[in-house]
Protein chains: 2
Amino acid sequence: MENFQSFLAANFEFNPEETQQILNCFEKKTLKKGAYFLTEGQYCKTVAFVEKGGFFFYQLMDGEEKVCDFAFEGDWISQYKSLINNLPSELSIKALVDSEIYWLDATAMDKLSDKVPKVLIIRTKLAEQYFTQSAERADKLATLKAEERYQWLLDSHPKIHQRVPQYYIASYLGIKPQSLSRIRAVK
Amino acid sequence: MENFQSFLAANFEFNPEETQQILNCFEKKTLKKGAYFLTEGQYCKTVAFVEKGGFFFYQLMDGEEKVCDFAFEGDWISQYKSLINNLPSELSIKALVDSEIYWLDATAMDKLSDKVPKVLIIRTKLAEQYFTQSAERADKLATLKAEERYQWLLDSHPKIHQRVPQYYIASYLGIKPQSLSRIRAVK
DNA sequence: TTCGTTTGTTCACATTTGTGAATGGATGCA
DNA sequence: TGCATCCATTCACAAATGTGAACAAACGAA
């Protein structure tokens, strides 16, 4: 749990006692490659910190998995809209590789935040992470051509090819797998 | 202020006294067409409700105004990242037409939320609005072709052409003005 | 009003991306 | 081991979008 502890230490000023209370509320879970953290239609009731491994977020459209996000070590996973508004999720979240998370369900979070009000900042962090990421993706999709978007993704996630099948990368970039192959061949 | 009052009534359960306290903290402001609510580099310190008129959000890149969002009656305007993290804004927010807003600065919001804690939900609403919009725009940019994105925009904002110059619409859709003209000609 | 500026349209041609099919490698399972 | 499936690559051709230019229409300021 080194990643999770150092995340807490780096981002918040919790004292040792608070840190212990927080850690006690989270539960460790391992998910095999291909296992779901959440499936379309489910009500998302939890928030989780990715300790190890990776996940992708997708929606099934016309039989295709349209990828809209990835999350790796140090990221949070959850479906914000479903969690906050108590709605069925429009997305599925699936493990790309064998993964390890620390998760917290919504009622535990409510109890925890009575004891340690500062933990509400975790929810804020989550919202900010998602908002920032989706705004940036929209910006790149609107202003860059496919090759430049691919370069941007490589710059921000240099190891993406070791962890994500290429046709998921293409989907995230808004292009077809053949187009991504072509782009890679030219470089 | 009908829009603002009915927004409060429709979304929250404030009693008349709370409603009055809230209204007292907001200030009315009118902005002429072309006036800025916020400019790139400024620190955003306020949140505002659009009572009348409209705004667009853009970033200057290579001398071009890249439009990433619109806001009309009933929407909130603010630069979330700048407001929450106390950072200089990466975006400018400019009035498309003569507009009327009710605005609240961050310190007034802090005071107000001591008296009426429920107003914090306004900040949450703001985050949700932005997150939902940018996620949806990214999704459409990645999965639809330009003509379909244009149709989607028309469906969600039927009056957009009465209020927004066409080359801003093109920019928002991630295409060139000429391409939007072509798309419109075909239909 | 008149003139200059801004915005929208059209065109021909270039570039980018999609499409469907064929191929070969890798992977996993019987 | 052999076979089937999945994934990445390549190709030729089609479709979508960009580019630069010319022009027209709308708008605003004097």
# chains A, B, ... in the order shown; residues from 1 in each chain; ligands from 1
$ interface_residues --of "chain D" --to "chain B" --cutoff "9 Å" --atoms "only C-alpha atoms (C1' of nucleotides)" --output "MDAnalysis selection string"
chainID D and resid 16:18
$ interface_residues --of "chain A" --to "chain B" --cutoff "8 Å" --atoms "only C-alpha atoms" --output "JSON list (two decimals) with all heavy atoms, in the first residue's frame"
[["chain", "number", "residue", "atom", "x", "y", "z"],
["A", 66, "LYS", "N", -16.27, 1.72, -26.84],
["A", 66, "LYS", "CA", -15.73, 3.07, -27.03],
["A", 66, "LYS", "C", -15.06, 3.50, -25.74],
["A", 66, "LYS", "O", -15.72, 3.71, -24.72],
["A", 66, "LYS", "CB", -16.86, 4.04, -27.35],
["A", 66, "LYS", "CG", -17.67, 3.67, -28.58],
["A", 66, "LYS", "CD", -16.92, 4.01, -29.86],
["A", 66, "LYS", "CE", -17.82, 3.78, -31.06],
["A", 66, "LYS", "NZ", -17.17, 4.14, -32.33],
["A", 68, "CYS", "N", -13.27, 5.83, -23.12],
["A", 68, "CYS", "CA", -13.23, 7.27, -22.84],
["A", 68, "CYS", "C", -12.23, 7.64, -21.76],
["A", 68, "CYS", "O", -11.99, 8.82, -21.53],
["A", 68, "CYS", "CB", -14.62, 7.78, -22.48],
["A", 68, "CYS", "SG", -15.28, 7.08, -20.98],
["A", 81, "LYS", "N", -20.86, 10.63, -12.04],
["A", 81, "LYS", "CA", -22.28, 10.95, -12.23],
["A", 81, "LYS", "C", -23.18, 9.96, -11.50],
["A", 81, "LYS", "O", -24.15, 10.33, -10.86],
["A", 81, "LYS", "CB", -22.65, 10.95, -13.72],
["A", 81, "LYS", "CG", -22.44, 12.27, -14.39],
["A", 81, "LYS", "CD", -22.67, 12.17, -15.89],
["A", 81, "LYS", "CE", -24.12, 12.18, -16.30],
["A", 81, "LYS", "NZ", -24.26, 12.25, -17.79],
["A", 127, "ALA", "N", -13.56, 14.64, -8.41],
["A", 127, "ALA", "CA", -14.27, 15.48, -9.37],
["A", 127, "ALA", "C", -13.29, 16.26, -10.23],
["A", 127, "ALA", "O", -13.41, 16.34, -11.45],
["A", 127, "ALA", "CB", -15.20, 16.44, -8.65],
["A", 128, "GLU", "N", -12.28, 16.80, -9.58],
["A", 128, "GLU", "CA", -11.30, 17.60, -10.32],
["A", 128, "GLU", "C", -10.53, 16.76, -11.30],
["A", 128, "GLU", "O", -10.29, 17.15, -12.44],
["A", 128, "GLU", "CB", -10.31, 18.25, -9.36],
["A", 128, "GLU", "CG", -10.89, 19.42, -8.65],
["A", 128, "GLU", "CD", -9.91, 19.96, -7.64],
["A", 128, "GLU", "OE1", -8.69, 19.81, -7.83],
["A", 128, "GLU", "OE2", -10.38, 20.51, -6.64],
["A", 130, "TYR", "N", -11.46, 14.03, -12.81],
["A", 130, "TYR", "CA", -12.28, 13.68, -13.96],
["A", 130, "TYR", "C", -12.55, 14.87, -14.85],
["A", 130, "TYR", "O", -12.49, 14.78, -16.07],
["A", 130, "TYR", "CB", -13.59, 13.04, -13.52],
["A", 130, "TYR", "CG", -13.38, 11.61, -13.18],
["A", 130, "TYR", "CD1", -13.53, 11.16, -11.89],
["A", 130, "TYR", "CD2", -12.95, 10.74, -14.16],
["A", 130, "TYR", "CE1", -13.28, 9.84, -11.58],
["A", 130, "TYR", "CE2", -12.70, 9.43, -13.86],
["A", 130, "TYR", "CZ", -12.86, 8.98, -12.57],
["A", 130, "TYR", "OH", -12.60, 7.69, -12.27],
["A", 131, "PHE", "N", -12.87, 15.98, -14.21],
["A", 131, "PHE", "CA", -13.18, 17.15, -15.00],
["A", 131, "PHE", "C", -11.97, 17.58, -15.83],
["A", 131, "PHE", "O", -12.06, 17.81, -17.04],
["A", 131, "PHE", "CB", -13.65, 18.30, -14.12],
["A", 131, "PHE", "CG", -13.76, 19.58, -14.85],
["A", 131, "PHE", "CD1", -14.67, 19.69, -15.90],
["A", 131, "PHE", "CD2", -12.94, 20.64, -14.55],
["A", 131, "PHE", "CE1", -14.76, 20.87, -16.61],
["A", 131, "PHE", "CE2", -13.03, 21.81, -15.27],
["A", 131, "PHE", "CZ", -13.94, 21.93, -16.30],
["A", 132, "THR", "N", -10.83, 17.65, -15.18],
["A", 132, "THR", "CA", -9.62, 18.10, -15.86],
["A", 132, "THR", "C", -9.29, 17.18, -17.02],
["A", 132, "THR", "O", -8.98, 17.62, -18.13],
["A", 132, "THR", "CB", -8.45, 18.14, -14.87],
["A", 132, "THR", "OG1", -8.83, 18.97, -13.77],
["A", 132, "THR", "CG2", -7.20, 18.68, -15.52],
["A", 134, "SER", "N", -11.27, 15.09, -18.74],
["A", 134, "SER", "CA", -12.19, 15.07, -19.87],
["A", 134, "SER", "C", -12.13, 16.39, -20.64],
["A", 134, "SER", "O", -12.25, 16.41, -21.86],
["A", 134, "SER", "CB", -13.61, 14.75, -19.43],
["A", 134, "SER", "OG", -14.16, 15.80, -18.71],
["A", 135, "ALA", "N", -11.90, 17.49, -19.93],
["A", 135, "ALA", "CA", -11.76, 18.78, -20.63],
["A", 135, "ALA", "C", -10.53, 18.75, -21.52],
["A", 135, "ALA", "O", -10.56, 19.24, -22.66],
["A", 135, "ALA", "CB", -11.68, 19.93, -19.63],
["A", 137, "ARG", "N", -9.07, 16.09, -22.83],
["A", 137, "ARG", "CA", -9.29, 15.18, -23.96],
["A", 137, "ARG", "C", -10.14, 15.87, -25.02],
["A", 137, "ARG", "O", -9.84, 15.81, -26.21],
["A", 137, "ARG", "CB", -9.95, 13.88, -23.49],
["A", 137, "ARG", "CG", -10.25, 12.92, -24.63],
["A", 137, "ARG", "CD", -10.58, 11.52, -24.14],
["A", 137, "ARG", "NE", -11.00, 10.66, -25.23],
["A", 137, "ARG", "CZ", -12.24, 10.20, -25.41],
["A", 137, "ARG", "NH1", -13.20, 10.54, -24.54],
["A", 137, "ARG", "NH2", -12.53, 9.43, -26.43],
["A", 138, "ALA", "N", -11.21, 16.54, -24.60],
["A", 138, "ALA", "CA", -12.06, 17.25, -25.56],
["A", 138, "ALA", "C", -11.25, 18.29, -26.31],
["A", 138, "ALA", "O", -11.35, 18.41, -27.54],
["A", 138, "ALA", "CB", -13.24, 17.91, -24.84],
["A", 139, "ASP", "N", -10.43, 19.02, -25.58],
["A", 139, "ASP", "CA", -9.60, 20.05, -26.21],
["A", 139, "ASP", "C", -8.69, 19.44, -27.27],
["A", 139, "ASP", "O", -8.62, 19.93, -28.41],
["A", 139, "ASP", "CB", -8.78, 20.74, -25.12],
["A", 139, "ASP", "CG", -7.78, 21.72, -25.69],
["A", 139, "ASP", "OD1", -8.19, 22.57, -26.50],
["A", 139, "ASP", "OD2", -6.58, 21.63, -25.35],
["A", 141, "LEU", "N", -9.03, 16.55, -28.84],
["A", 141, "LEU", "CA", -9.82, 16.00, -29.94],
["A", 141, "LEU", "C", -10.26, 17.10, -30.89],
["A", 141, "LEU", "O", -10.36, 16.89, -32.09],
["A", 141, "LEU", "CB", -11.03, 15.25, -29.39],
["A", 141, "LEU", "CG", -10.75, 13.88, -28.77],
["A", 141, "LEU", "CD1", -11.94, 13.41, -27.94],
["A", 141, "LEU", "CD2", -10.43, 12.85, -29.85],
["A", 142, "ALA", "N", -10.54, 18.26, -30.34],
["A", 142, "ALA", "CA", -11.05, 19.34, -31.19],
["A", 142, "ALA", "C", -9.95, 20.07, -31.95],
["A", 142, "ALA", "O", -10.17, 20.56, -33.04],
["A", 142, "ALA", "CB", -11.85, 20.34, -30.35],
["A", 143, "THR", "N", -8.74, 20.13, -31.38],
["A", 143, "THR", "CA", -7.74, 21.01, -31.97],
["A", 143, "THR", "C", -6.57, 20.29, -32.63],
["A", 143, "THR", "O", -5.86, 20.89, -33.43],
["A", 143, "THR", "CB", -7.17, 21.99, -30.92],
["A", 143, "THR", "OG1", -6.55, 21.24, -29.87],
["A", 143, "THR", "CG2", -8.26, 22.85, -30.33],
["A", 171, "SER", "N", -9.32, 3.84, -29.97],
["A", 171, "SER", "CA", -10.66, 4.27, -29.59],
["A", 171, "SER", "C", -10.61, 5.52, -28.72],
["A", 171, "SER", "O", -11.36, 6.48, -28.94],
["A", 171, "SER", "CB", -11.37, 3.14, -28.85],
["A", 171, "SER", "OG", -12.59, 3.56, -28.32],
["A", 172, "TYR", "N", -9.70, 5.52, -27.77],
["A", 172, "TYR", "CA", -9.55, 6.69, -26.90],
["A", 172, "TYR", "C", -9.18, 7.93, -27.70],
["A", 172, "TYR", "O", -9.62, 9.04, -27.39],
["A", 172, "TYR", "CB", -8.47, 6.40, -25.85],
["A", 172, "TYR", "CG", -8.22, 7.54, -24.89],
["A", 172, "TYR", "CD1", -9.10, 7.80, -23.85],
["A", 172, "TYR", "CD2", -7.10, 8.35, -25.03],
["A", 172, "TYR", "CE1", -8.87, 8.85, -22.97],
["A", 172, "TYR", "CE2", -6.85, 9.39, -24.15],
["A", 172, "TYR", "CZ", -7.75, 9.63, -23.12],
["A", 172, "TYR", "OH", -7.52, 10.67, -22.26],
["A", 173, "LEU", "N", -8.38, 7.74, -28.75],
["A", 173, "LEU", "CA", -7.95, 8.88, -29.57],
["A", 173, "LEU", "C", -9.00, 9.26, -30.60],
["A", 173, "LEU", "O", -8.83, 10.25, -31.33],
["A", 173, "LEU", "CB", -6.64, 8.53, -30.30],
["A", 173, "LEU", "CG", -5.41, 8.32, -29.42],
["A", 173, "LEU", "CD1", -4.24, 7.83, -30.27],
["A", 173, "LEU", "CD2", -5.04, 9.60, -28.68],
["A", 174, "GLY", "N", -10.06, 8.48, -30.70],
["A", 174, "GLY", "CA", -11.13, 8.82, -31.64],
["A", 174, "GLY", "C", -10.84, 8.43, -33.07],
["A", 174, "GLY", "O", -11.36, 9.04, -34.00],
["A", 175, "ILE", "N", -9.99, 7.42, -33.27],
["A", 175, "ILE", "CA", -9.69, 6.95, -34.62],
["A", 175, "ILE", "C", -9.83, 5.43, -34.70],
["A", 175, "ILE", "O", -10.01, 4.76, -33.68],
["A", 175, "ILE", "CB", -8.27, 7.35, -35.07],
["A", 175, "ILE", "CG1", -7.22, 6.83, -34.09],
["A", 175, "ILE", "CG2", -8.17, 8.87, -35.23],
["A", 175, "ILE", "CD1", -5.80, 7.12, -34.49]]
$ select_by_dssp --residues "segment 2-171 of chain B" --states "strand (DSSP E or B)" --output "count of residues only"
47
$ closest_atom_pairs --of "chain C" --to "chain B" --cutoff "8 Å" --atoms "only C-alpha atoms (C1' of nucleotides)" --output "tab-separated table"
residue	atom	partner	partner_atom	distance
C:DT7	C1'	B:Pro165	CA	7.8
C:DG8	C1'	B:Ser181	CA	7.4
C:DT9	C1'	B:Ser181	CA	6.6
$ select_by_dssp --residues "segment 30-153 of chain A" --states "helix (DSSP H, G or I)" --output "PyMOL selection string"
chain A and resi 80-85+106-115+117-143+146-153
$ atom_distance --atom1 "atom CA of Glu51 of chain B" --atom2 "atom CA of Val119 of chain B"
18.2 Å
$ atom_distance --atom1 "atom CA of Val50 of chain A" --atom2 "atom CA of Ser99 of chain A"
7.7 Å
$ closest_residue --among "D:DA12, D:DA30, D:DC3, D:DC23" --to "DC3 of chain C" --atoms "only C-alpha atoms (C1' of nucleotides)"
D:DA30
$ residues_around --residues "DA14 of chain C" --least-positions-apart "2" --cutoff "10 Å" --atoms "only C-alpha atoms (C1' of nucleotides)" --output "list in words"
DA12 and DT16 of chain C; DG18 and DT19 of chain D
$ write_last_selection --atoms "N, CA and C atoms (P, O5', C5', C4', C3', O3' and C1' of nucleotides)" --output "PDB file, in the first residue's frame"
ATOM      1  P    DA C  12     -15.013  23.595 -59.045  1.00  0.00           P
ATOM      2  O5'  DA C  12     -13.432  23.537 -58.976  1.00  0.00           O
ATOM      3  C5'  DA C  12     -12.642  24.730 -59.125  1.00  0.00           C
ATOM      4  C4'  DA C  12     -11.220  24.410 -58.707  1.00  0.00           C
ATOM      5  C3'  DA C  12     -10.779  22.973 -59.035  1.00  0.00           C
ATOM      6  O3'  DA C  12      -9.392  22.982 -59.358  1.00  0.00           O
ATOM      7  C1'  DA C  12     -10.719  23.281 -56.700  1.00  0.00           C
ATOM      8  P    DT C  16      -1.517  15.181 -43.906  1.00  0.00           P
ATOM      9  O5'  DT C  16      -2.894  14.624 -43.321  1.00  0.00           O
ATOM     10  C5'  DT C  16      -3.851  15.547 -42.807  1.00  0.00           C
ATOM     11  C4'  DT C  16      -5.100  14.794 -42.430  1.00  0.00           C
ATOM     12  C3'  DT C  16      -4.842  13.522 -41.617  1.00  0.00           C
ATOM     13  O3'  DT C  16      -5.650  13.603 -40.471  1.00  0.00           O
ATOM     14  C1'  DT C  16      -6.259  13.066 -43.455  1.00  0.00           C
TER      15       DT C  16
ATOM     16  P    DG D  18     -11.708  20.063 -40.613  1.00  0.00           P
ATOM     17  O5'  DG D  18     -10.512  20.257 -41.668  1.00  0.00           O
ATOM     18  C5'  DG D  18      -9.295  19.545 -41.441  1.00  0.00           C
ATOM     19  C4'  DG D  18      -8.181  20.101 -42.313  1.00  0.00           C
ATOM     20  C3'  DG D  18      -7.949  21.603 -42.202  1.00  0.00           C
ATOM     21  O3'  DG D  18      -6.545  21.836 -42.311  1.00  0.00           O
ATOM     22  C1'  DG D  18      -8.529  21.078 -44.425  1.00  0.00           C
ATOM     23  P    DT D  19      -5.905  23.289 -42.147  1.00  0.00           P
ATOM     24  O5'  DT D  19      -5.809  23.829 -43.646  1.00  0.00           O
ATOM     25  C5'  DT D  19      -5.074  23.098 -44.603  1.00  0.00           C
ATOM     26  C4'  DT D  19      -4.958  23.921 -45.872  1.00  0.00           C
ATOM     27  C3'  DT D  19      -4.893  25.437 -45.654  1.00  0.00           C
ATOM     28  O3'  DT D  19      -3.765  25.926 -46.363  1.00  0.00           O
ATOM     29  C1'  DT D  19      -6.561  24.900 -47.240  1.00  0.00           C
TER      30       DT D  19
END
